[in-house]
Amino acid sequence: MPAVPELGTIQNFLQQQVKLDLSSVRNLQVNVSRNQVIIETTTPEQAFRIARDHNSKHFIVHEKKRFLIPIYVEDGTIEVKVHDLPPRMPNHLIEDQLQQYGEITSIHNEVWRDFFPGIPNGVRVVRMKIKKPIPSFVKIEGLSARIKTHGQQQHQIR
């Protein structure tokens with residue numbers, strides 16, 4: 001998403017599009033640094049139902065571009081960013097290589113937010129449950145991919 005929408009826009013979206021029952025909401029937080037809204041429901045089933053029914057089925061328009069709105073459940077997965085691969089490489093080849101490090105729940109192309117809003121920037125974002133540490137660089141189809149995970153120590157190249 002290019003920017004966090006205003007609170008009124010968020011409220012209208014949740015009530016009119018998602019039909020969120022506020023009595024089932026334990027906590028609702030606008031997280032500006034991650035550009036997202038975090039909703040804690042009273043039961044996991046409610047969260048999974050909302051994600052199933054609404055993930056990437058709605059969009060916002062910013063500067064005449066449509067941005068799908070991802071809705072997912074935080075389920076112990078982390079975000080792994082895969083850099084430096086050519087755009088023509090299919091995501092399934094990246095999944096095939098990374099599955100040795102854990103269970104992959106999703107993969108999508110990251111898009112520019114500021115300079116070229118909505119256009120893929122070449123970074124693949126993989127959500128996965130890590131079972132063993134992922135190296136900072138991984139070979140995929142003979143090409144070196146730089147891997148970044150939140151909290152992962154980066155190795156200096158000299």
# chains A, B, ... in the order shown; residues from 1 in each chain; ligands from 1
$ select_by_dssp --residues "range 3-157 of chain A" --states "helix (DSSP H, G or I)" --output "PyMOL selection string"
chain A and resi 7-17+22-24+44-54+91-101
$ closest_atom_pairs --of "range 69-155 of chain A" --to "range 46-64 of chain A" --cutoff "8 Å" --atoms "only C-alpha atoms" --output "CSV"
residue,atom,partner,partner_atom,distance
A:Ile69,CA,A:Ser56,CA,5.0
A:Pro70,CA,A:Ser56,CA,4.8
A:Ile71,CA,A:Asn55,CA,4.4
A:Tyr72,CA,A:Ala51,CA,5.0
A:Val73,CA,A:Ala47,CA,6.4
$ write_last_selection --atoms "N, CA, C and O atoms" --output "PDB file, in the first residue's frame"
ATOM      1  N   ILE A  69      -5.603  -4.904  -1.352  1.00  0.00           N
ATOM      2  CA  ILE A  69      -5.419  -4.844   0.094  1.00  0.00           C
ATOM      3  C   ILE A  69      -5.243  -6.262   0.623  1.00  0.00           C
ATOM      4  O   ILE A  69      -6.185  -7.059   0.605  1.00  0.00           O
ATOM      5  N   PRO A  70      -4.013  -6.591   1.079  1.00  0.00           N
ATOM      6  CA  PRO A  70      -3.807  -7.926   1.652  1.00  0.00           C
ATOM      7  C   PRO A  70      -4.396  -8.002   3.058  1.00  0.00           C
ATOM      8  O   PRO A  70      -4.261  -7.059   3.848  1.00  0.00           O
ATOM      9  N   ILE A  71      -5.067  -9.084   3.356  1.00  0.00           N
ATOM     10  CA  ILE A  71      -5.600  -9.330   4.694  1.00  0.00           C
ATOM     11  C   ILE A  71      -5.181 -10.745   5.062  1.00  0.00           C
ATOM     12  O   ILE A  71      -5.568 -11.702   4.392  1.00  0.00           O
ATOM     13  N   TYR A  72      -4.356 -10.873   6.083  1.00  0.00           N
ATOM     14  CA  TYR A  72      -3.859 -12.184   6.461  1.00  0.00           C
ATOM     15  C   TYR A  72      -3.777 -12.296   7.977  1.00  0.00           C
ATOM     16  O   TYR A  72      -3.854 -11.299   8.694  1.00  0.00           O
ATOM     17  N   VAL A  73      -3.628 -13.511   8.439  1.00  0.00           N
ATOM     18  CA  VAL A  73      -3.552 -13.802   9.867  1.00  0.00           C
ATOM     19  C   VAL A  73      -2.089 -13.959  10.244  1.00  0.00           C
ATOM     20  O   VAL A  73      -1.344 -14.678   9.576  1.00  0.00           O
TER      21      VAL A  73
END
$ select_by_dssp --residues "range 15-135 of chain A" --states "strand (DSSP E)" --output "JSON, numbers by chain"
{"A": [25, 26, 27, 28, 29, 30, 31, 36, 37, 38, 39, 40, 41, 59, 60, 61, 62, 65, 66, 67, 68, 78, 79, 80, 81, 82, 83, 102, 103, 104, 105, 106, 107, 108, 109, 110, 111, 120, 121, 122, 123, 124, 125, 126, 127, 128, 129, 130]}
$ closest_atom_pairs --of "range 36-124 of chain A" --to "range 140-148 of chain A" --cutoff "12 Å" --atoms "only C-alpha atoms" --output "JSON lines"
{"residue": "A:Ile78", "atom": "CA", "partner": "A:Lys148", "partner_atom": "CA", "distance": 10.8}
{"residue": "A:Glu79", "atom": "CA", "partner": "A:Lys148", "partner_atom": "CA", "distance": 8.6}
{"residue": "A:Val80", "atom": "CA", "partner": "A:Lys148", "partner_atom": "CA", "distance": 5.8}
{"residue": "A:Lys81", "atom": "CA", "partner": "A:Lys148", "partner_atom": "CA", "distance": 5.1}
{"residue": "A:Val82", "atom": "CA", "partner": "A:Ile147", "partner_atom": "CA", "distance": 4.9}
{"residue": "A:His83", "atom": "CA", "partner": "A:Arg146", "partner_atom": "CA", "distance": 5.0}
{"residue": "A:Asp84", "atom": "CA", "partner": "A:Ala145", "partner_atom": "CA", "distance": 5.4}
{"residue": "A:Leu85", "atom": "CA", "partner": "A:Ala145", "partner_atom": "CA", "distance": 6.0}
{"residue": "A:Pro86", "atom": "CA", "partner": "A:Leu143", "partner_atom": "CA", "distance": 9.1}
{"residue": "A:Arg88", "atom": "CA", "partner": "A:Glu141", "partner_atom": "CA", "distance": 12.0}
{"residue": "A:Met89", "atom": "CA", "partner": "A:Glu141", "partner_atom": "CA", "distance": 8.9}
{"residue": "A:Pro90", "atom": "CA", "partner": "A:Glu141", "partner_atom": "CA", "distance": 10.6}
{"residue": "A:Asn91", "atom": "CA", "partner": "A:Ile140", "partner_atom": "CA", "distance": 10.8}
{"residue": "A:His92", "atom": "CA", "partner": "A:Ile140", "partner_atom": "CA", "distance": 10.9}
{"residue": "A:Leu93", "atom": "CA", "partner": "A:Ile140", "partner_atom": "CA", "distance": 7.4}
{"residue": "A:Ile94", "atom": "CA", "partner": "A:Ile140", "partner_atom": "CA", "distance": 6.7}
{"residue": "A:Glu95", "atom": "CA", "partner": "A:Ile140", "partner_atom": "CA", "distance": 9.7}
{"residue": "A:Asp96", "atom": "CA", "partner": "A:Ile140", "partner_atom": "CA", "distance": 8.9}
{"residue": "A:Gln97", "atom": "CA", "partner": "A:Ile140", "partner_atom": "CA", "distance": 6.5}
{"residue": "A:Leu98", "atom": "CA", "partner": "A:Ile140", "partner_atom": "CA", "distance": 9.0}
{"residue": "A:Gly122", "atom": "CA", "partner": "A:Ala145", "partner_atom": "CA", "distance": 11.2}
{"residue": "A:Val123", "atom": "CA", "partner": "A:Arg146", "partner_atom": "CA", "distance": 9.8}
{"residue": "A:Arg124", "atom": "CA", "partner": "A:Ile147", "partner_atom": "CA", "distance": 9.8}
$ write_last_selection --atoms "N, CA and C atoms" --output "CSV table (one decimal), in the first residue's frame"
chain,number,residue,atom,x,y,z
A,78,ILE,N,7.2,-15.4,9.3
A,78,ILE,CA,8.0,-14.2,9.1
A,78,ILE,C,8.1,-13.8,7.7
A,79,GLU,N,8.5,-12.6,7.5
A,79,GLU,CA,8.6,-12.1,6.1
A,79,GLU,C,10.1,-12.3,5.7
A,80,VAL,N,10.3,-12.9,4.6
A,80,VAL,CA,11.6,-13.1,4.0
A,80,VAL,C,11.7,-12.4,2.7
A,81,LYS,N,12.6,-11.5,2.5
A,81,LYS,CA,12.7,-10.8,1.2
A,81,LYS,C,13.8,-11.4,0.4
A,82,VAL,N,13.5,-11.6,-0.9
A,82,VAL,CA,14.5,-12.2,-1.8
A,82,VAL,C,14.8,-11.2,-2.8
A,83,HIS,N,16.1,-10.8,-2.9
A,83,HIS,CA,16.6,-9.7,-3.7
A,83,HIS,C,17.5,-10.2,-4.9
A,84,ASP,N,17.6,-9.4,-5.9
A,84,ASP,CA,18.6,-9.6,-7.0
A,84,ASP,C,18.4,-10.8,-7.9
A,85,LEU,N,17.1,-11.2,-8.1
A,85,LEU,CA,16.8,-12.2,-9.1
A,85,LEU,C,16.1,-11.5,-10.2
A,86,PRO,N,16.2,-12.0,-11.5
A,86,PRO,CA,15.6,-11.4,-12.6
A,86,PRO,C,14.0,-11.5,-12.5
A,88,ARG,N,11.9,-12.3,-14.6
A,88,ARG,CA,11.3,-13.4,-15.4
A,88,ARG,C,11.3,-14.7,-14.6
A,89,MET,N,12.1,-14.7,-13.5
A,89,MET,CA,12.1,-16.0,-12.7
A,89,MET,C,10.8,-16.2,-12.0
A,90,PRO,N,10.1,-17.3,-12.3
A,90,PRO,CA,8.8,-17.6,-11.6
A,90,PRO,C,9.0,-17.8,-10.1
A,91,ASN,N,8.0,-17.4,-9.4
A,91,ASN,CA,8.0,-17.5,-8.0
A,91,ASN,C,8.1,-18.9,-7.5
A,92,HIS,N,7.5,-19.9,-8.3
A,92,HIS,CA,7.6,-21.3,-7.8
A,92,HIS,C,9.0,-21.8,-7.7
A,93,LEU,N,9.9,-21.3,-8.5
A,93,LEU,CA,11.3,-21.7,-8.4
A,93,LEU,C,12.0,-21.2,-7.1
A,94,ILE,N,11.6,-20.0,-6.7
A,94,ILE,CA,12.0,-19.5,-5.4
A,94,ILE,C,11.5,-20.3,-4.3
A,95,GLU,N,10.2,-20.6,-4.4
A,95,GLU,CA,9.6,-21.5,-3.3
A,95,GLU,C,10.3,-22.8,-3.2
A,96,ASP,N,10.6,-23.4,-4.4
A,96,ASP,CA,11.2,-24.7,-4.4
A,96,ASP,C,12.5,-24.7,-3.6
A,97,GLN,N,13.3,-23.6,-3.8
A,97,GLN,CA,14.6,-23.5,-3.1
A,97,GLN,C,14.5,-23.2,-1.6
A,98,LEU,N,13.5,-22.3,-1.3
A,98,LEU,CA,13.4,-21.9,0.1
A,98,LEU,C,12.7,-22.9,1.0
A,122,GLY,N,11.1,-5.9,-8.1
A,122,GLY,CA,12.1,-7.1,-8.2
A,122,GLY,C,12.3,-7.9,-7.0
A,123,VAL,N,11.8,-7.4,-5.8
A,123,VAL,CA,11.9,-8.1,-4.6
A,123,VAL,C,10.7,-9.0,-4.4
A,124,ARG,N,11.0,-10.3,-4.1
A,124,ARG,CA,9.9,-11.3,-3.8
A,124,ARG,C,9.8,-11.3,-2.3
$ atom_distance --atom1 "CA of Ser106 in chain A" --atom2 "CA of Thr41 in chain A"
22.0 Å
$ atom_distance --atom1 "CA of Gly102 in chain A" --atom2 "CA of Thr43 in chain A"
26.3 Å
$ residues_around --residues "Val32 in chain A" --least-positions-apart "2" --cutoff "10 Å" --atoms "only C-alpha atoms" --output "PyMOL selection string"
chain A and resi 3-5+29-30+34-37
$ write_last_selection --atoms "all heavy atoms" --output "mmCIF file, in the first residue's frame"
data_model
loop_
_atom_site.group_PDB
_atom_site.id
_atom_site.type_symbol
_atom_site.label_atom_id
_atom_site.label_comp_id
_atom_site.auth_asym_id
_atom_site.auth_seq_id
_atom_site.Cartn_x
_atom_site.Cartn_y
_atom_site.Cartn_z
ATOM 1 N N ALA A 3 0.434 4.356 1.197
ATOM 2 C CA ALA A 3 0.419 5.153 2.418
ATOM 3 C C ALA A 3 -0.714 4.657 3.299
ATOM 4 O O ALA A 3 -1.679 4.068 2.821
ATOM 5 C CB ALA A 3 0.213 6.628 2.086
ATOM 6 N N VAL A 4 -0.600 4.903 4.600
ATOM 7 C CA VAL A 4 -1.675 4.534 5.514
ATOM 8 C C VAL A 4 -2.841 5.492 5.274
ATOM 9 O O VAL A 4 -2.662 6.706 5.328
ATOM 10 C CB VAL A 4 -1.211 4.611 6.983
ATOM 11 C CG1 VAL A 4 -2.372 4.347 7.921
ATOM 12 C CG2 VAL A 4 -0.092 3.616 7.249
ATOM 13 N N PRO A 5 -4.025 4.964 4.973
ATOM 14 C CA PRO A 5 -5.187 5.835 4.760
ATOM 15 C C PRO A 5 -5.597 6.560 6.044
ATOM 16 O O PRO A 5 -5.219 6.156 7.147
ATOM 17 C CB PRO A 5 -6.282 4.868 4.315
ATOM 18 C CG PRO A 5 -5.581 3.623 3.921
ATOM 19 C CD PRO A 5 -4.327 3.574 4.721
ATOM 20 N N GLN A 29 -5.191 -1.570 15.858
ATOM 21 C CA GLN A 29 -4.028 -0.680 15.902
ATOM 22 C C GLN A 29 -3.629 -0.268 14.495
ATOM 23 O O GLN A 29 -3.499 -1.107 13.606
ATOM 24 C CB GLN A 29 -2.855 -1.405 16.569
ATOM 25 C CG GLN A 29 -1.544 -0.668 16.519
ATOM 26 C CD GLN A 29 -0.384 -1.522 17.019
ATOM 27 O OE1 GLN A 29 -0.584 -2.626 17.510
ATOM 28 N NE2 GLN A 29 0.811 -1.004 16.887
ATOM 29 N N VAL A 30 -3.418 1.029 14.295
ATOM 30 C CA VAL A 30 -2.861 1.516 13.039
ATOM 31 C C VAL A 30 -1.355 1.562 13.232
ATOM 32 O O VAL A 30 -0.851 2.310 14.071
ATOM 33 C CB VAL A 30 -3.420 2.909 12.669
ATOM 34 C CG1 VAL A 30 -2.756 3.426 11.405
ATOM 35 C CG2 VAL A 30 -4.927 2.839 12.506
ATOM 36 N N ARG A 34 4.775 0.053 9.696
ATOM 37 C CA ARG A 34 4.619 -1.125 8.830
ATOM 38 C C ARG A 34 3.542 -0.917 7.771
ATOM 39 O O ARG A 34 3.240 -1.817 7.006
ATOM 40 C CB ARG A 34 4.296 -2.363 9.667
ATOM 41 C CG ARG A 34 5.502 -2.813 10.498
ATOM 42 C CD ARG A 34 5.225 -4.049 11.303
ATOM 43 N NE ARG A 34 4.964 -5.202 10.445
ATOM 44 C CZ ARG A 34 4.549 -6.374 10.907
ATOM 45 N NH1 ARG A 34 4.333 -6.535 12.202
ATOM 46 N NH2 ARG A 34 4.341 -7.375 10.091
ATOM 47 N N ASN A 35 2.922 0.272 7.795
ATOM 48 C CA ASN A 35 1.913 0.624 6.787
ATOM 49 C C ASN A 35 0.754 -0.365 6.792
ATOM 50 O O ASN A 35 0.352 -0.881 5.750
ATOM 51 C CB ASN A 35 2.567 0.669 5.405
ATOM 52 C CG ASN A 35 2.150 1.893 4.640
ATOM 53 O OD1 ASN A 35 1.553 2.804 5.192
ATOM 54 N ND2 ASN A 35 2.478 1.923 3.376
ATOM 55 N N GLN A 36 0.225 -0.641 7.998
ATOM 56 C CA GLN A 36 -0.845 -1.624 8.085
ATOM 57 C C GLN A 36 -1.746 -1.363 9.281
ATOM 58 O O GLN A 36 -1.423 -0.574 10.169
ATOM 59 C CB GLN A 36 -0.281 -3.035 8.178
ATOM 60 C CG GLN A 36 0.574 -3.281 9.372
ATOM 61 C CD GLN A 36 1.212 -4.654 9.384
ATOM 62 O OE1 GLN A 36 1.487 -5.155 10.446
ATOM 63 N NE2 GLN A 36 1.471 -5.274 8.249
ATOM 64 N N VAL A 37 -2.880 -2.021 9.262
ATOM 65 C CA VAL A 37 -3.803 -2.005 10.387
ATOM 66 C C VAL A 37 -3.790 -3.412 10.972
ATOM 67 O O VAL A 37 -3.948 -4.392 10.252
ATOM 68 C CB VAL A 37 -5.228 -1.618 9.936
ATOM 69 C CG1 VAL A 37 -6.212 -1.727 11.095
ATOM 70 C CG2 VAL A 37 -5.231 -0.212 9.344
#
$ atom_distance --atom1 "CA of Asn31 in chain A" --atom2 "CA of Gly8 in chain A"
15.3 Å
